[in-house]
Every structure is written in C-alpha cells, then in structure tokens.
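A.B. asks: Sharing a structure with you now.
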Amino acid sequence: MDMAALIAVVGVAFFFTYTNGFHDSANAIATSVSTRALTPRAALAMAAVMNLAGAFLGSGVAHTVSKGIIETPTGDKGMVILFAALVGAIAWNLVTWYFGLPSSSSHALFGGMVGAAMAGGIDVIWSGVLDKIVIPMIVSPVVGLVGGFLVMLAILWIFRRANPHKAKRNFRVAQTASAAAMALAHGLQDAQKTMGIVVMALTISGHQSGNGIPVWVKISCATMLSLGTYAGGWRIMRTLGRKIIELDPPQGFAAEATAATVMYVTSFVFKAPISTTHVITAAIMGAGATKRIRAVRWGVAKNIVLGWFITMPAAALVAALVYWFAHLFWG
C-alpha cells in the first residue's frame with residue numbers, strides 16, 4: 001500500500017475534524033454566549049479544553065463508525081473510498097457553515113461514507129445505517145425537544161417563588177457547568193467518529209489489525225477537534241443563539257443540560273453516533289417553547305430541519321462524484 005495514500009487520507013481526516021470543530025463549536029457554547037453567561041473567547045477556550053478531554057472518555061462510537069456502517073474496503077479502492085467520503089463531508093460542512101446552517105457534521109460524514117461506498121461497489125451495512133444512524137437521527141431530536149421542554153417546565157415550577165433577577169444571575173453561573181458538560185459530550189461523540197475513519201485507513205493499509213485505537217490517533221483527533229472549536233463558528237453561533245429564539249439563562253441551562261444528558265446516554269449505553277447539532281437545536285426549541293409556542297421562530301427551525309434531511313444525500317452525492325474523479329487518477 002502506498003504510504004502517500006495513507007498520509008493523504010489521514011491528513012484529510014484531520015482536516016475534517018478541524019472543520020467539525022469550528023462548524024459545531026456553536027453547539028456547546030451558543031446558548032451561554034447569547035445569554036451572556038460567558039464571553040465568546042472564554043466560552044471557546046473552555047469548549048476547546050473540554051472537547052480535548054471528552055475525546056478520551058470512550059471508544060464505542062469509533063468502533064461503530066469503523067465497523068458498523070460500511071464493509072471495510074481493501075486495497076487502493078478502499079483508500080479512495082475513505083478519501084472521497086471525507087471530502088464529501090468537508091464540502092457539506094463548509095457550505096452549511098457559510099450559510100450559517102447548523103447541520104450535522106456527523107451525518108455529513110456518514111452520508112459521505114455511504115455515497116463513496118456505493119460508488120466504489122462496497123457493501124453498505126444497511127441494518128447498521130438504520131439502527132445506528134437513521135433511528136437515532138429521528139429519535140434524538142425528539143427526545144431533546146421534549147426533554148428541553150420538560151426540564152424548563154420543572155425549572156419554572158421549582159423557582160416559581162424565586163426572585164427573577166437573582167435566579168437569572170444564578171443560572172448564568174450554572175450555565176458555565178452545563179456548557180462544559182455539553183462541550184465534553186461533543187468531544188466524546190465527534191472526535192471518535194474521525195478516530196473510526198483513521199482506524200479504517202490503518203487497517204486497509206496493513207498498518208493495524210483489530211479495532212484498537214492507537215494513542216496517537218486519539219491525541220491527534222482530539223487536538224484537531226479542539227483547535228477547530230477554538231477557531232469558532234460565528235455564523236452558526238448566531239443562528240443557534242439568536243435566530244431560533246432569544247434565550248434567557250434558565251432556558252439556556254435547560255437546553256444544554258438536556259442535550260448533554262442525551263449525548264452521554266447514547267455514547268455510553270447505545271454506542272450510537274448521534275448529532276450534537278440535532279440534539280442541542282431541538283433542546284433549544286423545547287426550552288424556548290415554554291415561554292410561548294410563538295416565541296420560537298418556527299420558520300428558521302423548519303429550514304434547519306430541512307437541512308438535516310438533506311445532509312446525508314447531499315454529502316453522499318458529493319462523495320460519489322469525488323470517488324469517480326479520484327478513482328481515475330488514484331485507483
């Protein structure tokens with residue numbers, strides 16, 4: 001196996017992780033920044049550190065990505081498939097970042113993997129796609145929406161006799177913890193997805209056997225995600241923090257606490273790679289709807305949800321086109 005091919009694929013995988021970081025940094029900190037619980041730079045620094053730490057908390061999601069979505073391709077064709085999958089995901093990340101649309105980097109990657117595999121004649125494990133991607137993609141935002149609504153209702157009832165101004169000040173402090181929990185969960189989920197791709201590349205090239213994740217892969221993916229997070233995705237942050245609804249600190253805390261809980265459960269219990277974007281966006285809608293249903297800008301929300309459903313097919317199409325072109329020169 002050509003070492004240059006391996007280096008190219010691993011390098012593109014690291015760049016995807018970087019784009020994932022700045023594309024999804026808003027997931028962890030948009031609510032805290034919009035409620036002025038944290039300054040933007042302080043929030044980004046905190047998120048970057050917690051992303052780094054979260055990447056080392058588990059490996060179940062990485063194993064799902066490396067073994068549960070497509071059959072492990074072999075030879076030069078396998079490297080072209082991974083390369084095309086990553087380019088398709090990066091392209092979608094950059095397009096949605098430019099338009100400030102909080103789409104899922106995770107589902108862009110999965111769509112890229114499926115599209116490149118189909119173009120390359122590699123079997124897609126459709127049962128794995130259904131169980132580990134499609135069902136969680138539908139269920140997790142619903143859980144986030146309902147959970148955010150119920151948690152916010154509980155906060156309103158518990159603090160119904162509290163001084164509103166004092167309560168908001170206290171929830172600004174609490175948001176520091178909930179934002180940190182959200183960033184830790186983001187690192188746990190998203191860094192592992194790239195680890196799975198790098199493990200596939202090492203396996204195809206004959207440099208590794210088995211599903212173990214080398215320490216250098218963990219450190220590299222975690223570092224790139226952390227650097228991308230610190231770079232910040234200001235366009236998407238404005239969408240999440242302001243355009244869906246004007247959040248106050250209790251609503252921000254409810255959304256972050258709900259989303260982080262969903263992500264920890266899916267990571268450790270189900271080992272399912274879910275979208276942090278989907279969960280936090282839905283939780284923001286749920287928490288915001290307790291104020292009044294019309295407080296949520298449902299037109300913006302509708303465009304976001306449409307983007308979610310377009311993500312996988314769009315990334316798959318780009319990845320398939322990249323595979324066909326790359327195969328002419330590489331495969």
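If you're wondering about the labels, chains in the structure tokens are A, B, ... by order shown, residues count from 1 in each chain, ligands from 1 in order shown.
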Counting only C-alpha atoms, what is within 12 Å of Ile280 (chain A), bar same-chain residues fewer than 4 positions away, as JSON, numbers by chain?
C.D. replies: {"A": [24, 25, 26, 27, 28, 29, 30, 31, 102, 103, 104, 140, 141, 142, 143, 144, 145, 146, 147, 148, 178, 179, 182, 183, 185, 186, 237, 240, 241, 244, 251, 252, 253, 254, 255, 256, 257, 258, 259, 260, 261, 262, 263, 274, 275, 276, 284, 285, 286, 287, 288]}
A.B. asks: Write to file, as a short mmCIF file (atom, residue, chain, number, x, y, z; two decimals), in the first residue's frame, the residues of the selection just made, with N, CA and C atoms.
C.D. replies:
data_model
loop_
_atom_site.label_atom_id
_atom_site.label_comp_id
_atom_site.auth_asym_id
_atom_site.auth_seq_id
_atom_site.Cartn_x
_atom_site.Cartn_y
_atom_site.Cartn_z
N ASP A 24 -19.15 22.97 14.61
CA ASP A 24 -20.01 22.55 15.72
C ASP A 24 -19.69 23.22 17.04
N SER A 25 -18.73 24.14 17.06
CA SER A 25 -18.41 24.81 18.33
C SER A 25 -19.64 25.51 18.90
N ALA A 26 -20.50 25.98 18.00
CA ALA A 26 -21.72 26.67 18.46
C ALA A 26 -22.60 25.76 19.29
N ASN A 27 -22.56 24.45 19.02
CA ASN A 27 -23.42 23.53 19.76
C ASN A 27 -23.19 23.64 21.27
N ALA A 28 -21.94 23.78 21.66
CA ALA A 28 -21.61 23.76 23.08
C ALA A 28 -21.78 25.12 23.74
N ILE A 29 -21.58 26.20 22.99
CA ILE A 29 -21.46 27.49 23.68
C ILE A 29 -22.43 28.57 23.22
N ALA A 30 -23.18 28.32 22.15
CA ALA A 30 -24.06 29.38 21.62
C ALA A 30 -25.03 29.89 22.66
N THR A 31 -25.64 28.97 23.43
CA THR A 31 -26.62 29.42 24.41
C THR A 31 -25.95 30.22 25.53
N PRO A 102 -26.97 25.23 11.00
CA PRO A 102 -26.43 24.24 11.93
C PRO A 102 -26.79 22.81 11.53
N SER A 103 -26.13 22.31 10.50
CA SER A 103 -26.35 20.94 10.07
C SER A 103 -25.39 20.01 10.82
N SER A 104 -25.50 18.74 10.56
CA SER A 104 -24.72 17.75 11.31
C SER A 104 -23.45 17.35 10.56
N SER A 140 -33.34 11.13 18.57
CA SER A 140 -32.60 12.01 19.48
C SER A 140 -33.11 13.45 19.47
N PRO A 141 -33.46 14.05 18.32
CA PRO A 141 -34.02 15.40 18.39
C PRO A 141 -35.38 15.44 19.08
N VAL A 142 -36.18 14.40 18.90
CA VAL A 142 -37.48 14.35 19.58
C VAL A 142 -37.26 14.31 21.09
N VAL A 143 -36.32 13.47 21.53
CA VAL A 143 -36.00 13.39 22.96
C VAL A 143 -35.47 14.74 23.44
N GLY A 144 -34.62 15.38 22.64
CA GLY A 144 -34.09 16.69 23.00
C GLY A 144 -35.18 17.74 23.11
N LEU A 145 -36.11 17.74 22.15
CA LEU A 145 -37.22 18.70 22.15
C LEU A 145 -38.11 18.53 23.38
N VAL A 146 -38.55 17.29 23.61
CA VAL A 146 -39.43 17.00 24.75
C VAL A 146 -38.68 17.21 26.06
N GLY A 147 -37.42 16.73 26.10
CA GLY A 147 -36.62 16.88 27.32
C GLY A 147 -36.38 18.32 27.68
N GLY A 148 -36.03 19.15 26.69
CA GLY A 148 -35.81 20.56 26.93
C GLY A 148 -37.06 21.25 27.46
N SER A 178 -23.09 23.66 32.63
CA SER A 178 -23.84 22.95 31.59
C SER A 178 -23.17 23.07 30.23
N ALA A 179 -22.56 24.24 29.95
CA ALA A 179 -21.82 24.39 28.69
C ALA A 179 -20.59 23.50 28.67
N MET A 182 -21.69 20.04 27.96
CA MET A 182 -22.04 19.93 26.55
C MET A 182 -20.78 19.78 25.69
N ALA A 183 -19.75 20.57 25.99
CA ALA A 183 -18.50 20.51 25.23
C ALA A 183 -17.80 19.17 25.45
N ALA A 185 -19.29 16.33 26.11
CA ALA A 185 -20.06 15.34 25.35
C ALA A 185 -19.78 15.45 23.86
N HIS A 186 -19.58 16.69 23.37
CA HIS A 186 -19.25 16.89 21.96
C HIS A 186 -17.91 16.23 21.62
N MET A 237 -23.18 30.15 15.28
CA MET A 237 -23.47 30.56 16.66
C MET A 237 -24.61 31.57 16.69
N LEU A 240 -27.98 29.61 16.19
CA LEU A 240 -28.41 28.87 17.37
C LEU A 240 -28.74 29.77 18.54
N GLY A 241 -27.92 30.80 18.74
CA GLY A 241 -28.06 31.63 19.93
C GLY A 241 -29.12 32.71 19.83
N ILE A 244 -33.17 31.33 16.41
CA ILE A 244 -34.26 30.41 16.75
C ILE A 244 -35.15 31.04 17.80
N GLN A 251 -33.40 29.06 30.36
CA GLN A 251 -33.67 28.29 29.14
C GLN A 251 -32.37 27.73 28.56
N GLY A 252 -31.31 28.54 28.58
CA GLY A 252 -30.01 28.06 28.09
C GLY A 252 -29.52 26.88 28.91
N PHE A 253 -29.65 26.96 30.22
CA PHE A 253 -29.23 25.85 31.09
C PHE A 253 -30.06 24.60 30.80
N ALA A 254 -31.37 24.75 30.67
CA ALA A 254 -32.24 23.60 30.41
C ALA A 254 -31.86 22.92 29.09
N ALA A 255 -31.61 23.72 28.04
CA ALA A 255 -31.26 23.16 26.74
C ALA A 255 -29.93 22.42 26.80
N GLU A 256 -28.92 23.03 27.42
CA GLU A 256 -27.59 22.41 27.49
C GLU A 256 -27.61 21.15 28.35
N ALA A 257 -28.28 21.22 29.50
CA ALA A 257 -28.32 20.06 30.38
C ALA A 257 -29.03 18.88 29.72
N THR A 258 -30.11 19.18 29.00
CA THR A 258 -30.85 18.12 28.31
C THR A 258 -30.01 17.50 27.20
N ALA A 259 -29.42 18.34 26.36
CA ALA A 259 -28.64 17.83 25.24
C ALA A 259 -27.44 17.02 25.71
N ALA A 260 -26.73 17.51 26.72
CA ALA A 260 -25.57 16.78 27.23
C ALA A 260 -25.97 15.42 27.77
N THR A 261 -27.09 15.35 28.49
CA THR A 261 -27.57 14.07 29.03
C THR A 261 -27.87 13.08 27.92
N VAL A 262 -28.56 13.54 26.88
CA VAL A 262 -28.88 12.66 25.75
C VAL A 262 -27.60 12.12 25.11
N MET A 263 -26.60 12.96 24.96
CA MET A 263 -25.36 12.55 24.31
C MET A 263 -24.56 11.56 25.15
N ILE A 274 -24.61 9.97 17.43
CA ILE A 274 -25.70 10.91 17.16
C ILE A 274 -25.13 12.29 16.83
N SER A 275 -26.00 13.16 16.37
CA SER A 275 -25.60 14.52 16.00
C SER A 275 -25.77 15.47 17.19
N THR A 276 -24.69 16.08 17.62
CA THR A 276 -24.79 17.09 18.67
C THR A 276 -25.62 18.27 18.19
N ILE A 284 -33.06 23.50 22.41
CA ILE A 284 -33.29 24.95 22.45
C ILE A 284 -34.75 25.24 22.08
N MET A 285 -35.26 24.58 21.05
CA MET A 285 -36.66 24.78 20.67
C MET A 285 -37.59 24.38 21.80
N GLY A 286 -37.32 23.23 22.43
CA GLY A 286 -38.18 22.75 23.51
C GLY A 286 -38.17 23.69 24.71
N ALA A 287 -36.97 24.11 25.12
CA ALA A 287 -36.88 25.02 26.26
C ALA A 287 -37.53 26.36 25.94
N GLY A 288 -37.35 26.84 24.72
CA GLY A 288 -37.92 28.13 24.33
C GLY A 288 -39.43 28.11 24.22
#
A.B. asks: Please identify all polymer residues within 8 Å of Gln208 (chain A), counting only C-alpha atoms, omitting same-chain residues fewer than 4 positions from it, and present them as a list in words.
C.D. replies: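 Within the cut-off, the hits are Val199, Leu202 and Thr203 of chain A.
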A.B. asks: Dump N, CA and C atoms for the selected residues as a CSV table (one decimal), in the first residue's frame?
C.D. replies:
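This is the output file part12.csv:
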chain,number,residue,atom,x,y,z
A,199,VAL,N,-8.7,4.6,11.9
A,199,VAL,CA,-8.5,3.2,12.1
A,199,VAL,C,-8.8,2.3,10.9
A,202,LEU,N,-5.8,2.8,8.6
A,202,LEU,CA,-4.7,2.0,9.0
A,202,LEU,C,-4.9,0.5,8.8
A,203,THR,N,-6.1,0.0,8.9
A,203,THR,CA,-6.4,-1.4,8.7
A,203,THR,C,-6.3,-1.7,7.2
A.B. asks: Can you pull out every residue within 12 Å of region 54-56 of chain A, counting only C-alpha atoms, but drop anything in the same chain fewer than 3 positions away, and send it as number ranges by chain?
C.D. replies: A: 17, 47-51, 59-62, 180-195, 213-226, 260, 263-264, 267
A.B. asks: Would you mind exporting N, CA and C atoms of the selected residues as a compact mmCIF listing (two decimals), in the first residue's frame?
C.D. replies:
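Output (out_7.txt):
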# COMPACT_ATOMS: atom_id res chain seq x y z
N THR A 17 -11.90 16.81 10.88
CA THR A 17 -12.11 17.01 12.32
C THR A 17 -12.01 18.48 12.68
N ALA A 47 -14.62 25.37 25.77
CA ALA A 47 -15.12 24.31 24.91
C ALA A 47 -13.97 23.52 24.27
N ALA A 48 -12.91 24.22 23.89
CA ALA A 48 -11.77 23.55 23.28
C ALA A 48 -11.12 22.58 24.27
N VAL A 49 -10.95 23.02 25.50
CA VAL A 49 -10.33 22.16 26.52
C VAL A 49 -11.23 20.94 26.81
N MET A 50 -12.54 21.17 26.95
CA MET A 50 -13.45 20.07 27.25
C MET A 50 -13.61 19.12 26.07
N ASN A 51 -13.55 19.64 24.85
CA ASN A 51 -13.54 18.77 23.67
C ASN A 51 -12.35 17.82 23.72
N SER A 59 -14.65 4.73 23.48
CA SER A 59 -14.30 4.34 22.11
C SER A 59 -15.44 3.62 21.40
N GLY A 60 -16.60 3.49 22.03
CA GLY A 60 -17.71 2.76 21.44
C GLY A 60 -18.19 3.35 20.13
N VAL A 61 -18.27 4.68 20.07
CA VAL A 61 -18.73 5.33 18.84
C VAL A 61 -17.74 5.11 17.71
N ALA A 62 -16.45 5.17 18.02
CA ALA A 62 -15.41 4.95 17.00
C ALA A 62 -15.52 3.56 16.40
N ALA A 180 -19.90 23.38 29.83
CA ALA A 180 -18.74 22.49 29.91
C ALA A 180 -19.15 21.04 29.69
N ALA A 181 -20.29 20.64 30.27
CA ALA A 181 -20.79 19.28 30.08
C ALA A 181 -21.13 19.03 28.62
N MET A 182 -21.69 20.04 27.96
CA MET A 182 -22.04 19.93 26.55
C MET A 182 -20.78 19.78 25.69
N ALA A 183 -19.75 20.57 25.99
CA ALA A 183 -18.50 20.51 25.23
C ALA A 183 -17.80 19.17 25.45
N LEU A 184 -17.85 18.65 26.67
CA LEU A 184 -17.25 17.35 26.96
C LEU A 184 -17.95 16.25 26.16
N ALA A 185 -19.29 16.33 26.11
CA ALA A 185 -20.06 15.34 25.35
C ALA A 185 -19.78 15.45 23.86
N HIS A 186 -19.58 16.69 23.37
CA HIS A 186 -19.25 16.89 21.96
C HIS A 186 -17.91 16.23 21.62
N GLY A 187 -16.92 16.39 22.50
CA GLY A 187 -15.64 15.73 22.27
C GLY A 187 -15.77 14.22 22.30
N LEU A 188 -16.58 13.71 23.23
CA LEU A 188 -16.82 12.28 23.34
C LEU A 188 -17.42 11.72 22.06
N GLN A 189 -18.37 12.44 21.48
CA GLN A 189 -19.04 11.95 20.28
C GLN A 189 -18.21 12.19 19.01
N ASP A 190 -17.84 13.45 18.77
CA ASP A 190 -17.36 13.80 17.44
C ASP A 190 -15.91 13.44 17.17
N ALA A 191 -15.04 13.49 18.18
CA ALA A 191 -13.65 13.09 17.94
C ALA A 191 -13.58 11.61 17.59
N GLN A 192 -14.46 10.82 18.20
CA GLN A 192 -14.42 9.37 17.97
C GLN A 192 -14.79 9.00 16.54
N LYS A 193 -15.62 9.82 15.90
CA LYS A 193 -16.04 9.49 14.54
C LYS A 193 -14.85 9.52 13.58
N THR A 194 -13.99 10.51 13.76
CA THR A 194 -12.79 10.57 12.91
C THR A 194 -11.81 9.48 13.30
N MET A 195 -11.73 9.16 14.58
CA MET A 195 -10.87 8.05 15.01
C MET A 195 -11.25 6.77 14.27
N ILE A 213 -7.72 1.54 19.12
CA ILE A 213 -7.42 2.90 18.65
C ILE A 213 -6.07 3.31 19.22
N PRO A 214 -5.06 3.50 18.37
CA PRO A 214 -3.74 3.91 18.88
C PRO A 214 -3.81 5.25 19.61
N VAL A 215 -2.95 5.40 20.58
CA VAL A 215 -2.94 6.63 21.39
C VAL A 215 -2.70 7.85 20.52
N TRP A 216 -1.80 7.72 19.54
CA TRP A 216 -1.50 8.89 18.71
C TRP A 216 -2.71 9.32 17.89
N VAL A 217 -3.58 8.36 17.53
CA VAL A 217 -4.80 8.70 16.80
C VAL A 217 -5.75 9.47 17.71
N LYS A 218 -5.90 9.02 18.94
CA LYS A 218 -6.75 9.73 19.90
C LYS A 218 -6.26 11.15 20.13
N ILE A 219 -4.96 11.29 20.36
CA ILE A 219 -4.40 12.61 20.64
C ILE A 219 -4.56 13.53 19.44
N SER A 220 -4.26 13.01 18.24
CA SER A 220 -4.33 13.83 17.03
C SER A 220 -5.76 14.29 16.73
N CYS A 221 -6.72 13.36 16.80
CA CYS A 221 -8.11 13.72 16.50
C CYS A 221 -8.65 14.69 17.54
N ALA A 222 -8.33 14.44 18.81
CA ALA A 222 -8.79 15.33 19.88
C ALA A 222 -8.20 16.72 19.72
N THR A 223 -6.93 16.79 19.35
CA THR A 223 -6.27 18.08 19.20
C THR A 223 -6.86 18.87 18.04
N MET A 224 -7.10 18.21 16.90
CA MET A 224 -7.65 18.90 15.74
C MET A 224 -9.08 19.38 16.01
N LEU A 225 -9.87 18.56 16.70
CA LEU A 225 -11.22 18.99 17.05
C LEU A 225 -11.17 20.20 17.98
N SER A 226 -10.24 20.15 18.92
CA SER A 226 -10.10 21.24 19.89
C SER A 226 -9.66 22.53 19.20
N ALA A 260 -26.73 17.51 26.72
CA ALA A 260 -25.57 16.78 27.23
C ALA A 260 -25.97 15.42 27.77
N MET A 263 -26.60 12.96 24.96
CA MET A 263 -25.36 12.55 24.31
C MET A 263 -24.56 11.56 25.15
N TYR A 264 -24.54 11.75 26.47
CA TYR A 264 -23.84 10.80 27.32
C TYR A 264 -24.51 9.43 27.27
N SER A 267 -23.85 7.70 23.94
CA SER A 267 -22.45 7.33 23.78
C SER A 267 -22.09 6.09 24.60
A.B. asks: Which value, in Å to one decimal, gives the distance between CA of Gly307 (chain A) and CA of Phe149 (chain A)?
C.D. replies: 22.8 Å
A.B. asks: I'd like the interatomic distance between CA of His327 (chain A) and CA of Lys77 (chain A), to a tenth of an Å.
C.D. replies: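 Separating CA of His327 (chain A) from CA of Lys77 (chain A) is a distance of 7.5 Å.
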A.B. asks: Using CA of Ser127 (chain A) and CA of Val322 (chain A) as the two end points, give the distance in Å to one decimal.
C.D. replies: 25.4 Å
A.B. asks: What's around Ala319 (chain A) at 8 Å? Count only C-alpha atoms, leave out sequence neighbours fewer than 2 positions away in its own chain, and write the answer as a PDB file with C-alpha atoms, in the first residue's frame.
C.D. replies:
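Heads up, here's the output in part01.pdb:
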ATOM      1  CA  ALA A  84     -13.974  10.607  -1.171  1.00  0.00           C
ATOM      2  CA  ALA A  85     -16.151  10.137   1.931  1.00  0.00           C
ATOM      3  CA  LEU A  86     -14.134  12.717   3.858  1.00  0.00           C
ATOM      4  CA  VAL A  87     -14.083  15.246   1.009  1.00  0.00           C
ATOM      5  CA  GLY A  88     -17.861  14.929   0.644  1.00  0.00           C
ATOM      6  CA  ALA A  89     -18.315  15.596   4.361  1.00  0.00           C
ATOM      7  CA  GLY A 112     -20.051  10.571   2.533  1.00  0.00           C
ATOM      8  CA  MET A 113     -19.183   7.039   3.626  1.00  0.00           C
ATOM      9  CA  GLY A 115     -22.089   7.525  -1.123  1.00  0.00           C
ATOM     10  CA  ALA A 116     -18.423   6.668  -1.659  1.00  0.00           C
ATOM     11  CA  ALA A 315     -22.766  14.556   1.184  1.00  0.00           C
ATOM     12  CA  ALA A 316     -23.294  11.125  -0.407  1.00  0.00           C
ATOM     13  CA  LEU A 317     -23.658  12.679  -3.859  1.00  0.00           C
ATOM     14  CA  LEU A 321     -18.579  12.326  -7.587  1.00  0.00           C
ATOM     15  CA  VAL A 322     -15.245  12.702  -5.798  1.00  0.00           C
ATOM     16  CA  TYR A 323     -14.770   8.928  -5.873  1.00  0.00           C
TER      17      TYR A 323
END
A.B. asks: Region 37-209 of chain A: which residues are helix (DSSP H, G or I) by DSSP, as a VMD selection string?
C.D. replies: chain A and resid 40 to 54 60 to 67 75 to 98 105 to 119 126 to 158 164 to 204
A.B. asks: For Ala45 (chain A), which residue out of A:Phe16, A:Trp308, A:Phe329, A:Tyr230 is the nearest one, using only C-alpha atoms?
C.D. replies: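 With only C-alpha atoms as the atom set, the closest residue is A:Tyr230.
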